[in-house]
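Okay, entry_27.txt now, which holds compact mmCIF, C-alpha atoms and all ligand atoms:
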```txt
# COMPACT_ATOMS: atom_id res chain seq x y z
CA MET R 1 0.00 0.00 0.00
CA THR R 2 1.05 3.56 -0.49
CA ALA R 3 1.18 6.27 2.11
CA PRO R 4 -0.04 9.51 0.54
CA GLY R 5 2.42 12.37 0.63
CA THR R 6 4.89 10.70 2.94
CA SER R 7 7.68 9.99 0.59
CA ARG R 8 9.79 11.70 -1.96
CA ARG R 9 11.87 10.22 -4.66
CA GLU R 10 15.44 11.10 -3.89
CA ALA R 11 18.17 10.97 -6.46
CA GLY R 12 20.23 8.89 -4.06
CA ASP R 13 17.71 6.07 -4.16
CA GLU R 14 18.05 5.53 -7.85
CA ARG R 15 21.10 4.17 -9.51
CA PRO R 16 21.44 4.70 -13.21
CA ASP R 17 23.61 1.59 -13.37
CA GLY R 18 20.59 -0.42 -12.29
CA GLY R 19 21.91 -0.92 -8.77
CA THR R 20 22.33 -4.29 -7.22
CA GLY R 21 22.79 -5.68 -3.78
CA ALA R 22 26.45 -6.35 -4.48
CA ARG R 23 27.82 -2.92 -3.76
CA PRO R 24 31.56 -2.51 -3.58
CA ALA R 25 33.00 -1.51 -0.18
CA ALA R 26 33.58 2.12 -1.27
CA ALA R 27 29.94 2.47 -2.35
CA ARG R 28 28.77 0.94 0.91
CA ALA R 29 30.91 3.42 2.89
CA THR R 30 29.45 6.30 0.87
CA GLY R 31 25.98 4.91 1.50
CA ALA R 32 26.63 4.74 5.25
CA ALA R 33 27.91 8.34 5.30
CA GLU R 34 24.81 9.48 3.39
CA GLU R 35 22.58 7.64 5.85
CA ALA R 36 24.39 9.29 8.80
CA ARG R 37 23.84 12.73 7.25
CA ARG R 38 20.21 11.89 6.63
CA LEU R 39 19.81 10.91 10.28
CA ASP R 40 21.42 14.17 11.42
CA ARG R 41 19.11 16.15 9.15
CA ALA R 42 16.04 14.38 10.48
CA VAL R 43 17.06 15.02 14.11
CA ALA R 44 17.79 18.67 13.31
CA ALA R 45 14.38 19.02 11.61
CA PHE R 46 12.62 17.54 14.66
CA THR R 47 14.50 19.87 17.00
CA ALA R 48 13.74 22.94 14.91
CA LEU R 49 10.07 21.98 14.65
CA TYR R 50 9.34 21.07 18.27
CA GLY R 51 12.05 23.07 20.08
CA THR R 52 13.45 20.02 21.86
CA VAL R 53 15.60 17.02 21.01
CA PRO R 54 13.91 13.67 20.23
CA ASP R 55 14.01 10.64 22.51
CA GLY R 56 14.99 8.42 19.61
CA VAL R 57 14.94 7.62 15.90
CA TRP R 58 13.54 4.41 14.42
CA ALA R 59 13.72 3.19 10.82
CA ALA R 60 11.55 0.78 8.84
CA PRO R 61 12.15 -0.26 5.21
CA GLY R 62 9.98 -0.69 2.14
CA ARG R 63 9.96 -4.11 0.50
CA ILE R 64 9.86 -6.02 -2.72
CA ASN R 65 8.22 -9.41 -2.79
CA LEU R 66 10.16 -12.08 -4.66
CA ILE R 67 7.13 -14.34 -5.04
CA GLY R 68 3.83 -15.01 -3.24
CA GLU R 69 1.49 -12.22 -4.38
CA HIS R 70 -2.11 -11.88 -3.19
CA THR R 71 -1.62 -14.93 -1.02
CA ASP R 72 -1.33 -13.26 2.41
CA TYR R 73 -5.05 -12.57 2.86
CA ASN R 74 -5.70 -16.16 1.79
CA ASP R 75 -3.61 -17.44 4.72
CA GLY R 76 -0.90 -18.33 2.21
CA PHE R 77 2.82 -17.89 1.68
CA ALA R 78 5.13 -15.10 0.54
CA LEU R 79 8.85 -14.42 0.18
CA PRO R 80 9.57 -10.70 0.56
CA VAL R 81 12.89 -8.89 0.91
CA ALA R 82 13.42 -5.56 2.72
CA LEU R 83 14.72 -2.66 0.62
CA PRO R 84 17.52 -0.27 1.58
CA GLN R 85 15.05 2.65 1.35
CA THR R 86 13.57 3.45 4.77
CA THR R 87 11.13 5.66 6.63
CA LEU R 88 12.56 7.38 9.69
CA ALA R 89 10.34 8.09 12.70
CA VAL R 90 11.93 10.74 14.92
CA ALA R 91 9.92 10.91 18.13
CA ARG R 92 9.63 12.21 21.65
CA ARG R 93 7.20 11.15 24.33
CA ARG R 94 4.88 13.79 25.80
CA THR R 95 3.22 13.81 29.17
CA ASP R 96 0.01 15.66 28.28
CA GLY R 97 -1.46 13.02 25.96
CA ARG R 98 -1.32 15.25 22.89
CA ILE R 99 -0.11 13.93 19.52
CA ARG R 100 1.72 16.11 17.00
CA LEU R 101 2.60 14.71 13.58
CA HIS R 102 4.80 16.15 10.84
CA SER R 103 6.31 14.70 7.66
CA ALA R 104 9.23 16.08 5.66
CA GLN R 105 7.32 14.87 2.60
CA GLY R 106 3.99 16.39 3.67
CA ASP R 107 2.57 19.87 3.14
CA GLY R 108 4.53 21.43 6.01
CA ARG R 109 1.60 21.40 8.42
CA VAL R 110 1.67 19.76 11.83
CA THR R 111 -1.37 17.57 12.53
CA GLU R 112 -2.48 17.79 16.17
CA LEU R 113 -4.70 15.36 18.02
CA GLY R 114 -6.06 15.52 21.52
CA PRO R 115 -5.51 12.93 24.27
CA GLU R 116 -8.64 11.05 23.15
CA GLY R 117 -6.64 9.86 20.10
CA PRO R 118 -8.01 9.25 16.62
CA ALA R 119 -11.37 7.78 15.70
CA PRO R 120 -11.21 5.36 12.73
CA GLY R 121 -11.32 7.33 9.48
CA ALA R 122 -11.12 10.68 11.25
CA VAL R 123 -7.58 11.69 10.26
CA PRO R 124 -6.99 12.30 6.54
CA GLY R 125 -3.85 11.72 4.44
CA TRP R 126 -0.52 10.38 5.62
CA ALA R 127 -1.20 11.31 9.29
CA ALA R 128 -3.86 8.58 9.41
CA TYR R 129 -1.05 6.00 9.60
CA PRO R 130 0.77 7.23 12.73
CA ALA R 131 -2.55 8.18 14.32
CA GLY R 132 -3.84 4.71 13.43
CA VAL R 133 -0.83 3.01 14.99
CA HIS R 134 -1.51 4.91 18.22
CA GLY R 135 -5.17 3.88 17.96
CA ALA R 136 -4.28 0.24 17.26
CA LEU R 137 -1.98 0.02 20.28
CA THR R 138 -4.59 1.65 22.48
CA ARG R 139 -7.21 -0.76 21.19
CA ALA R 140 -4.87 -3.63 22.10
CA GLY R 141 -4.93 -2.41 25.70
CA HIS R 142 -1.66 -0.45 25.91
CA ARG R 143 -1.81 2.78 27.90
CA LEU R 144 0.05 5.28 25.77
CA GLU R 145 1.25 8.83 26.33
CA GLY R 146 1.12 11.45 23.61
CA PHE R 147 4.10 12.03 21.36
CA ASP R 148 5.73 14.42 18.90
CA LEU R 149 6.68 12.85 15.58
CA HIS R 150 8.68 13.86 12.55
CA ILE R 151 8.76 11.51 9.55
CA ASP R 152 11.36 11.43 6.80
CA SER R 153 11.16 8.75 4.11
CA THR R 154 13.11 7.60 1.08
CA VAL R 155 10.65 4.82 0.22
CA PRO R 156 9.04 5.89 -3.07
CA THR R 157 5.28 6.33 -2.83
CA GLY R 158 2.91 4.89 -5.39
CA ALA R 159 5.57 2.43 -6.54
CA GLY R 160 4.16 -0.73 -4.94
CA LEU R 161 7.10 -0.83 -2.53
CA SER R 162 5.10 -0.56 0.70
CA SER R 163 5.70 3.02 1.71
CA SER R 164 2.61 2.74 3.94
CA ALA R 165 3.90 -0.30 5.78
CA ALA R 166 7.29 1.39 6.23
CA LEU R 167 5.54 4.42 7.75
CA ALA R 168 3.24 2.44 10.02
CA CYS R 169 6.00 0.05 11.11
CA ALA R 170 8.47 2.86 11.86
CA VAL R 171 5.83 4.52 14.05
CA ALA R 172 4.87 1.22 15.73
CA LEU R 173 8.52 0.65 16.58
CA ALA R 174 8.89 4.24 17.83
CA LEU R 175 5.84 4.00 20.11
CA ASP R 176 7.06 0.62 21.31
CA GLY R 177 10.44 2.16 22.15
CA LEU R 178 9.02 5.31 23.75
CA HIS R 179 6.80 3.26 26.06
CA GLY R 180 9.05 0.24 26.61
CA LEU R 181 6.33 -2.11 25.34
CA ASP R 182 8.82 -4.69 24.09
CA LEU R 183 6.49 -6.09 21.42
CA THR R 184 7.72 -8.90 19.18
CA GLY R 185 8.28 -8.36 15.45
CA PRO R 186 5.00 -10.06 14.46
CA GLU R 187 3.13 -8.07 17.16
CA LEU R 188 4.52 -4.84 15.72
CA ALA R 189 3.55 -6.00 12.21
CA ARG R 190 0.01 -6.82 13.35
CA THR R 191 -0.26 -3.39 15.00
CA ALA R 192 0.78 -1.67 11.76
CA GLN R 193 -1.65 -3.84 9.77
CA LEU R 194 -4.51 -3.03 12.15
CA ALA R 195 -3.69 0.68 11.76
CA GLU R 196 -4.18 0.31 7.99
CA ASN R 197 -7.23 -1.97 8.23
CA ALA R 198 -9.18 -0.19 10.95
CA PHE R 199 -7.99 3.42 10.92
CA VAL R 200 -7.00 4.05 7.29
CA GLY R 201 -9.62 1.71 5.84
CA VAL R 202 -7.43 -0.44 3.58
CA PRO R 203 -8.04 -4.20 3.91
CA CYS R 204 -4.40 -5.23 3.32
CA GLY R 205 -2.88 -8.52 4.46
CA ILE R 206 0.17 -8.79 6.70
CA MET R 207 2.95 -9.43 4.21
CA ASP R 208 4.23 -5.84 3.84
CA GLN R 209 4.36 -5.20 7.57
CA MET R 210 6.03 -8.54 8.32
CA ALA R 211 8.63 -7.79 5.65
CA SER R 212 9.29 -4.30 6.99
CA VAL R 213 9.72 -5.48 10.58
CA CYS R 214 11.13 -9.00 10.36
CA CYS R 215 13.36 -9.15 7.27
CA GLU R 216 17.09 -9.54 7.76
CA GLU R 217 20.00 -8.42 5.64
CA GLY R 218 21.00 -11.02 3.05
CA SER R 219 17.77 -12.98 3.48
CA ALA R 220 14.26 -13.26 2.16
CA LEU R 221 11.47 -13.78 4.66
CA HIS R 222 9.53 -17.02 4.27
CA LEU R 223 6.14 -16.00 5.58
CA ASP R 224 3.23 -18.29 6.35
CA SER R 225 0.44 -15.76 6.80
CA ARG R 226 -1.62 -18.17 8.89
CA THR R 227 1.15 -18.33 11.48
CA PRO R 228 3.23 -15.16 10.98
CA ASP R 229 5.09 -15.79 14.25
CA ARG R 230 6.78 -18.79 12.67
CA TYR R 231 8.47 -16.87 9.89
CA ARG R 232 11.84 -18.08 8.64
CA GLN R 233 14.83 -16.47 6.97
CA VAL R 234 15.95 -17.89 3.63
CA PRO R 235 19.44 -16.88 2.40
CA PHE R 236 19.12 -14.58 -0.60
CA ASP R 237 22.39 -13.40 -2.08
CA PRO R 238 22.12 -12.99 -5.86
CA ALA R 239 25.67 -11.57 -6.05
CA ALA R 240 27.09 -14.86 -4.79
CA ALA R 241 25.51 -16.50 -7.86
CA ASP R 242 26.79 -13.77 -10.21
CA LEU R 243 23.32 -12.31 -10.42
CA ALA R 244 21.67 -9.05 -9.49
CA LEU R 245 18.15 -8.07 -8.56
CA LEU R 246 16.82 -5.07 -10.41
CA ALA R 247 13.77 -3.08 -9.36
CA LEU R 248 12.07 -0.85 -11.91
CA ASP R 249 9.34 1.54 -10.88
CA THR R 250 6.97 1.87 -13.86
CA ARG R 251 5.75 5.19 -12.38
CA VAL R 252 2.19 4.10 -12.94
CA ALA R 253 0.65 5.14 -9.65
CA HIS R 254 -0.27 2.16 -7.60
CA ASP R 255 -3.16 2.77 -5.24
CA LEU R 256 -4.99 -0.15 -3.74
CA GLY R 257 -7.36 2.00 -1.76
CA ASP R 258 -9.75 2.33 -4.69
CA GLY R 259 -11.75 -0.81 -4.06
CA ALA R 260 -10.15 -3.19 -6.60
CA TYR R 261 -7.99 -4.82 -3.94
CA ALA R 262 -10.94 -5.18 -1.58
CA ALA R 263 -13.00 -6.74 -4.40
CA LEU R 264 -10.29 -9.32 -5.12
CA ARG R 265 -10.03 -10.17 -1.46
CA ALA R 266 -13.80 -10.55 -1.21
CA GLY R 267 -13.76 -12.79 -4.32
CA CYS R 268 -11.21 -15.10 -2.70
CA GLU R 269 -13.25 -15.28 0.49
CA ARG R 270 -16.38 -16.09 -1.49
CA ALA R 271 -14.53 -18.84 -3.37
CA ALA R 272 -13.22 -20.35 -0.12
CA ALA R 273 -16.76 -20.33 1.30
CA LEU R 274 -18.14 -22.03 -1.84
CA LEU R 275 -15.45 -24.69 -1.54
CA ASP R 276 -16.20 -25.05 2.16
CA LEU R 277 -12.64 -24.17 3.13
CA PRO R 278 -11.40 -21.86 5.93
CA ALA R 279 -9.18 -20.11 3.33
CA LEU R 280 -7.88 -20.77 -0.19
CA ARG R 281 -4.59 -21.84 1.36
CA ASP R 282 -6.39 -25.03 2.40
CA LEU R 283 -6.99 -26.15 -1.18
CA PRO R 284 -4.31 -28.72 -2.11
CA ALA R 285 -2.87 -28.33 -5.63
CA ALA R 286 -4.00 -31.87 -6.50
CA GLU R 287 -7.61 -30.87 -5.87
CA LEU R 288 -7.43 -27.69 -7.94
CA PRO R 289 -8.95 -29.11 -11.18
CA THR R 290 -12.03 -30.44 -9.36
CA ALA R 291 -12.39 -27.23 -7.37
CA LEU R 292 -12.21 -25.10 -10.53
CA ASP R 293 -15.12 -27.08 -12.00
CA ARG R 294 -17.24 -26.18 -8.99
CA LEU R 295 -16.58 -22.43 -9.14
CA PRO R 296 -18.25 -19.66 -11.16
CA ALA R 297 -16.20 -18.35 -14.07
CA ASP R 298 -15.26 -15.09 -12.31
CA LEU R 299 -13.80 -16.84 -9.25
CA ALA R 300 -12.00 -19.83 -10.82
CA PRO R 301 -8.98 -17.84 -12.12
CA LEU R 302 -8.49 -16.18 -8.72
CA VAL R 303 -8.34 -19.57 -7.06
CA ARG R 304 -5.98 -20.95 -9.70
CA HIS R 305 -3.62 -18.02 -9.09
CA VAL R 306 -3.60 -18.38 -5.31
CA VAL R 307 -3.02 -22.14 -5.35
CA THR R 308 -0.30 -22.07 -8.01
CA GLU R 309 1.33 -19.02 -6.39
CA ASN R 310 1.61 -20.81 -3.04
CA GLY R 311 3.29 -23.61 -4.98
CA ARG R 312 5.72 -21.14 -6.52
CA VAL R 313 6.72 -19.84 -3.09
CA ALA R 314 7.51 -23.38 -1.96
CA GLU R 315 9.51 -23.96 -5.13
CA ALA R 316 11.45 -20.71 -4.71
CA VAL R 317 12.32 -21.54 -1.09
CA THR R 318 13.60 -24.97 -2.12
CA LEU R 319 15.71 -23.44 -4.90
CA LEU R 320 17.22 -20.80 -2.63
CA HIS R 321 18.07 -23.34 0.05
CA ALA R 322 19.75 -25.44 -2.64
CA GLY R 323 21.78 -22.40 -3.78
CA ARG R 324 20.06 -22.51 -7.19
CA THR R 325 19.32 -18.78 -7.38
CA ALA R 326 19.36 -18.62 -11.20
CA ALA R 327 16.59 -21.23 -11.35
CA LEU R 328 14.37 -18.72 -9.58
CA GLY R 329 14.04 -16.80 -12.86
CA PRO R 330 11.34 -18.94 -14.53
CA VAL R 331 9.42 -19.09 -11.25
CA LEU R 332 9.25 -15.27 -11.17
CA THR R 333 8.12 -15.11 -14.78
CA ALA R 334 5.44 -17.76 -14.22
CA GLY R 335 4.23 -15.70 -11.24
CA HIS R 336 3.84 -12.68 -13.49
CA ALA R 337 1.87 -14.62 -16.10
CA SER R 338 -0.48 -15.81 -13.37
CA LEU R 339 -1.00 -12.27 -12.04
CA ARG R 340 -1.56 -10.99 -15.57
CA ASP R 341 -3.84 -13.73 -16.91
CA ASP R 342 -5.60 -15.15 -13.85
CA TYR R 343 -5.54 -12.48 -11.16
CA ARG R 344 -5.60 -9.63 -13.68
CA VAL R 345 -3.72 -7.09 -11.60
CA SER R 346 -0.96 -6.21 -14.07
CA CYS R 347 -1.19 -3.35 -16.55
CA PRO R 348 0.33 -2.65 -19.99
CA GLU R 349 3.35 -0.92 -18.43
CA THR R 350 4.24 -3.75 -16.04
CA ASP R 351 3.69 -6.32 -18.82
CA LEU R 352 5.96 -4.36 -21.13
CA ALA R 353 8.66 -3.97 -18.45
CA VAL R 354 8.62 -7.73 -17.88
CA SER R 355 8.77 -8.68 -21.56
CA ALA R 356 11.46 -6.09 -22.36
CA ALA R 357 13.58 -7.22 -19.38
CA LEU R 358 13.31 -10.85 -20.47
CA ALA R 359 14.17 -9.98 -24.07
CA ALA R 360 17.26 -8.13 -22.79
CA GLY R 361 18.55 -11.17 -20.95
CA ALA R 362 16.80 -11.18 -17.56
CA LEU R 363 16.45 -14.73 -16.22
CA GLY R 364 13.05 -13.88 -14.81
CA ALA R 365 10.86 -10.86 -14.17
CA ARG R 366 7.54 -10.03 -12.57
CA MET R 367 5.47 -7.25 -11.13
CA THR R 368 5.84 -7.02 -7.37
CA GLY R 369 3.28 -5.94 -4.78
CA GLY R 370 -0.43 -5.46 -5.19
CA GLY R 371 -0.35 -4.52 -8.88
CA PHE R 372 -2.31 -1.99 -10.97
CA GLY R 373 1.02 -0.33 -11.72
CA GLY R 374 3.92 -0.09 -9.32
CA SER R 375 7.23 -1.86 -9.72
CA VAL R 376 8.72 -4.77 -11.59
CA ILE R 377 11.63 -6.87 -10.39
CA ALA R 378 14.06 -8.68 -12.66
CA LEU R 379 16.73 -11.24 -11.88
CA VAL R 380 19.62 -10.48 -14.20
CA PRO R 381 23.16 -11.73 -14.76
CA ALA R 382 25.63 -9.50 -12.87
CA GLY R 383 26.86 -6.78 -15.19
CA ARG R 384 23.66 -6.79 -17.27
CA GLU R 385 21.76 -4.44 -14.94
CA ALA R 386 22.33 -1.29 -16.99
CA ALA R 387 21.59 -3.04 -20.30
CA VAL R 388 18.32 -4.48 -19.00
CA ALA R 389 17.26 -1.16 -17.45
CA GLU R 390 18.08 0.58 -20.71
CA ALA R 391 16.13 -1.94 -22.79
CA VAL R 392 13.06 -1.39 -20.61
CA THR R 393 13.49 2.38 -20.88
CA THR R 394 13.72 2.16 -24.67
CA ALA R 395 10.63 -0.03 -24.83
CA PHE R 396 8.75 2.49 -22.64
CA THR R 397 9.83 5.45 -24.76
CA THR R 398 8.80 3.66 -27.93
CA ALA R 399 5.39 2.87 -26.43
CA GLY R 400 4.98 6.51 -25.37
CA TYR R 401 5.24 5.77 -21.62
CA ARG R 402 7.22 7.82 -19.12
CA PRO R 403 10.63 6.22 -18.57
CA PRO R 404 10.78 3.89 -15.54
CA ARG R 405 13.05 4.52 -12.56
CA THR R 406 15.69 2.08 -11.48
CA LEU R 407 15.94 1.49 -7.78
CA ARG R 408 18.60 0.02 -5.60
CA ALA R 409 17.29 -3.40 -4.62
CA ALA R 410 19.15 -5.44 -2.03
CA ALA R 411 18.17 -7.71 0.83
CA ALA R 412 18.47 -5.02 3.51
CA PRO R 413 17.78 -5.18 7.26
CA GLY R 414 14.28 -4.85 8.71
CA ALA R 415 13.01 -2.18 11.12
CA ARG R 416 15.42 -1.03 13.84
CA ARG R 417 16.28 1.72 16.30
CA LEU R 418 18.95 4.06 14.97
CA LEU R 419 19.35 6.46 17.89
C1 LIG R 501 -0.38 -5.19 -1.06
C2 LIG R 501 -0.93 -5.57 0.32
C3 LIG R 501 -0.32 -6.89 0.81
C4 LIG R 501 -0.43 -7.98 -0.23
C5 LIG R 501 0.04 -7.48 -1.59
C6 LIG R 501 -0.18 -8.47 -2.69
O1 LIG R 501 0.97 -4.88 -0.99
O2 LIG R 501 -0.64 -4.56 1.24
O3 LIG R 501 -0.92 -7.27 2.03
O4 LIG R 501 -1.73 -8.47 -0.30
O5 LIG R 501 -0.59 -6.27 -1.97
O6 LIG R 501 0.61 -9.59 -2.49
```

Just give me the structure of the file as structure tokens.
Amino acid sequence: MTAPGTSRREAGDERPDGGTGARPAAARATGAAEEARRLDRAVAAFTALYGTVPDGVWAAPGRINLIGEHTDYNDGFALPVALPQTTLAVARRRTDGRIRLHSAQGDGRVTELGPEGPAPGAVPGWAAYPAGVHGALTRAGHRLEGFDLHIDSTVPTGAGLSSSAALACAVALALDGLHGLDLTGPELARTAQLAENAFVGVPCGIMDQMASVCCEEGSALHLDSRTPDRYRQVPFDPAAADLALLALDTRVAHDLGDGAYAALRAGCERAAALLDLPALRDLPAAELPTALDRLPADLAPLVRHVVTENGRVAEAVTLLHAGRTAALGPVLTAGHASLRDDYRVSCPETDLAVSAALAAGALGARMTGGGFGGSVIALVPAGREAAVAEAVTTAFTTAGYRPPRTLRAAAAPGARRLL
């Protein structure tokens, strides 16, 4: 999901060479220095705004999902990776119950709430997320103080890279830290999800929040959405296999709040009910053909996608554990075909990005995230990043589309306290 007005696209996030996870030591040192300066700027902004230093700074990343799309709300499986781009939550606890919210990517205004906290749907725009996290924690029985908050994010918005989850998770972690709640990763993820579901009004699953909180550097997160607490890390190091992961933002605004996502989710729930199953995750692949015969024509393709996609996650995990990273390529491409033809959440731009990347030598490519625009990932031989990015750009220009943006994609760490 996308947090409105909370993120800006910074030049530093995009690498014209089609950045990879395998950054040389010098580039990593430069990256660390840039991050330190960014942290200083965010602390200085908080201090200038509120006239006092913060109690701490917390960071939560955006994500890409390698495979396992539209499975989370069907109790299924996913394999996301945290991105290096993060949302910073700079915060200080207050003693009068008041909440003050400001974003470097907002309109400059400070949103103020009284000690009664937010009512669901009452706070508009980006501020609904932090207000919702406060509301979700209160609803869970935590007695919270007020707080002052300044947000600064490098997670692109509208790119299907979970800027909303990064925002909500950074705030959940900040409130946890300010109040010493000591919540577990999955508890923080559930809090952030509840903020989106109940206070923002978006019926998302838990994949984005779990990725933002629980991912680890150099790993993909093997998530079973029925039992998020039992997540596992799967080593993901394309560079070790002479490969690179490319992320291309098609710049087609991705917004799942418009009802299409909710309709798909409702369709899956209806199909599960017709099949007399708790969730589509409970349909074994061997029973898929019989199940499809029992379903109306509009629901059958949704079910086929979910069941085959869960299978692709299992296959991807097996391949990664076996060190067969290159063999992941066809699995990604099959996932895209399923999202395009069965789930119908791709669009001409994502389809073109995938086909152009494949034609330029990518081993596999797919849209990532909820769809209807957003970003495409491609697994490419190391050294081919720029050529593949360029081929996609040329294809876009020829088709009359705005050129895509290349993002640095690497298996980065999950949410953490920085200061
Ligand atoms: C969005 C939602 C997630 C998930 C994906 C599709 O990102 O927030 O919960 O459903 O779409 O896999």

Residues of chain R at most 8 Å from ligand LIG 501 (chain R): nearest atom pair and distance in Å, all atoms listed in the file, as a tab-separated table:
```
residue	atom	partner	partner_atom	distance
R:Met1	CA	R:LIG501	O2	4.8
R:Asn65	CA	R:LIG501	O6	7.6
R:Gly68	CA	R:LIG501	O6	6.3
R:Glu69	CA	R:LIG501	O6	3.4
R:His70	CA	R:LIG501	O6	3.6
R:Thr71	CA	R:LIG501	O6	6.0
R:Asp72	CA	R:LIG501	O4	5.5
R:Tyr73	CA	R:LIG501	O4	6.1
R:Ala78	CA	R:LIG501	O6	7.7
R:Gly160	CA	R:LIG501	O1	6.6
R:Leu161	CA	R:LIG501	O1	7.5
R:Ser162	CA	R:LIG501	O1	6.2
R:Ala165	CA	R:LIG501	O2	7.7
R:Pro203	CA	R:LIG501	O2	7.9
R:Cys204	CA	R:LIG501	O3	4.2
R:Gly205	CA	R:LIG501	O3	3.4
R:Ile206	CA	R:LIG501	O3	5.0
R:Met207	CA	R:LIG501	O3	4.9
R:Asp208	CA	R:LIG501	C3	5.6
R:Gln209	CA	R:LIG501	O3	7.9
R:Leu256	CA	R:LIG501	C1	7.3
R:Tyr261	CA	R:LIG501	O5	7.8
R:Thr368	CA	R:LIG501	O6	7.6
R:Gly369	CA	R:LIG501	O1	4.6
R:Gly370	CA	R:LIG501	O5	3.3
R:Gly371	CA	R:LIG501	O5	7.1
```

Nearby residues (all atoms listed in the file) at most 9 Å from Arg417 of chain R, same-chain spacing under 2 positions excluded, as a ChimeraX atom specification: /R:56-60,173-174,177,415,419

Mind checking which residues fall within 9 Å of Arg402 of chain R, counting only C-alpha atoms, ignoring those fewer than 5 positions away in the same chain, and posting them as a tab-separated table (two decimals) with C-alpha atoms, in the frame of the given file?
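Full text of part_19.tsv as output:
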```tsv
chain	number	residue	atom	x	y	z
R	250	THR	CA	6.97	1.87	-13.86
R	251	ARG	CA	5.75	5.19	-12.38
R	252	VAL	CA	2.19	4.10	-12.94
R	393	THR	CA	13.49	2.38	-20.88
R	396	PHE	CA	8.75	2.49	-22.64
R	397	THR	CA	9.83	5.45	-24.76
```

Non-local contacts of Ala273 of chain R (12 Å; only C-alpha atoms; under 4 positions in same chain excluded) as a PyMOL selection string: chain R and resi 74+266-269+277-280+282-283+291+294-295+299+303

Nearby residues (only C-alpha atoms) at most 12 Å from Glu116 of chain R, same-chain spacing under 6 positions excluded, as a VMD selection string: chain R and resid 96 to 99 131 134 to 135 138 143 to 146

Per residue of segment 117-174 of chain R within 12 Å of segment 30-40 of chain R, record the nearest atom pair and its distance in Å to one decimal, counting all atoms listed in the file, with rows in chain order and ascending residue number, as a tab-separated table.
```
residue	atom	partner	partner_atom	distance
R:His150	CA	R:Leu39	CA	11.7
R:Ile151	CA	R:Leu39	CA	11.1
R:Asp152	CA	R:Arg38	CA	8.9
R:Ser153	CA	R:Arg38	CA	9.9
R:Thr154	CA	R:Arg38	CA	10.0
```

Test item: residues at most 9 Å from Gly414 of chain R, only C-alpha atoms, excluding those fewer than 3 positions along its chain, as a list in words: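 In the requested format, the answer is Ala59, Ala60, Pro61, Gly62, Val81, Ala82, Leu83, Ala211, Ser212, Val213, Cys214, Cys215, Glu216 and Glu217 of chain R.
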
Selected residue, from R:Asp176, R:Glu349, R:Asp276, R:Asp55, that lies nearest to Pro403 of chain R when counting all atoms listed in the file: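 Closest to Pro403 of chain R of all the choices is R:Glu349.
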
For Ala127 of chain R, the nearest of the candidates R:Thr95, R:Ser164, R:Thr308, R:Thr290, counting all atoms listed in the file: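 Nearest candidate to Ala127 of chain R out of R:Thr95, R:Ser164, R:Thr308, R:Thr290: R:Ser164.
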
Distance in Å - atom CA of Val171 of chain R versus atom CA of Thr52 of chain R: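 So the answer is 19.0 Å.
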
Given only C-alpha atoms as the counted atoms, nearest of R:Gly51, R:Pro235, R:Gly76, R:Gly106 to Asp148 of chain R: R:Gly51

How big is the axis-aligned box around the listed atoms of segment 21-40 of chain R once 3 Å is added on each side, and where is its centre? Give both in Å to one decimal, as AutoDock Vina command-line options.
```
--center_x 26.7 --center_y 3.9 --center_z 3.5 --size_x 19.8 --size_y 26.5 --size_z 21.9
```

Å distance separating atom CA of Ala386 of chain R from atom CA of Leu246 of chain R, one decimal place: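 Atom CA of Leu246 of chain R lies at a distance of 9.4 Å from atom CA of Ala386 of chain R.
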
Using all atoms listed in the file: which of R:Leu407, R:Leu352, R:Pro413, R:Phe372 has the shortest distance to Thr394 of chain R: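 Closest candidate: R:Leu352.
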
Interatomic distance, atom CA of Thr406 of chain R to atom CA of Ala247 of chain R (Å, one decimal): 5.9 Å

Nearest residue to Val306 of chain R from the set R:Leu149, R:Val202, R:Val331, R:Ala271 (distances using all atoms listed in the file): R:Ala271

R:Arg109, R:Arg416, R:Arg312, R:Arg139 ranked by distance to Trp126 of chain R, top pick (using all atoms listed in the file): R:Arg109
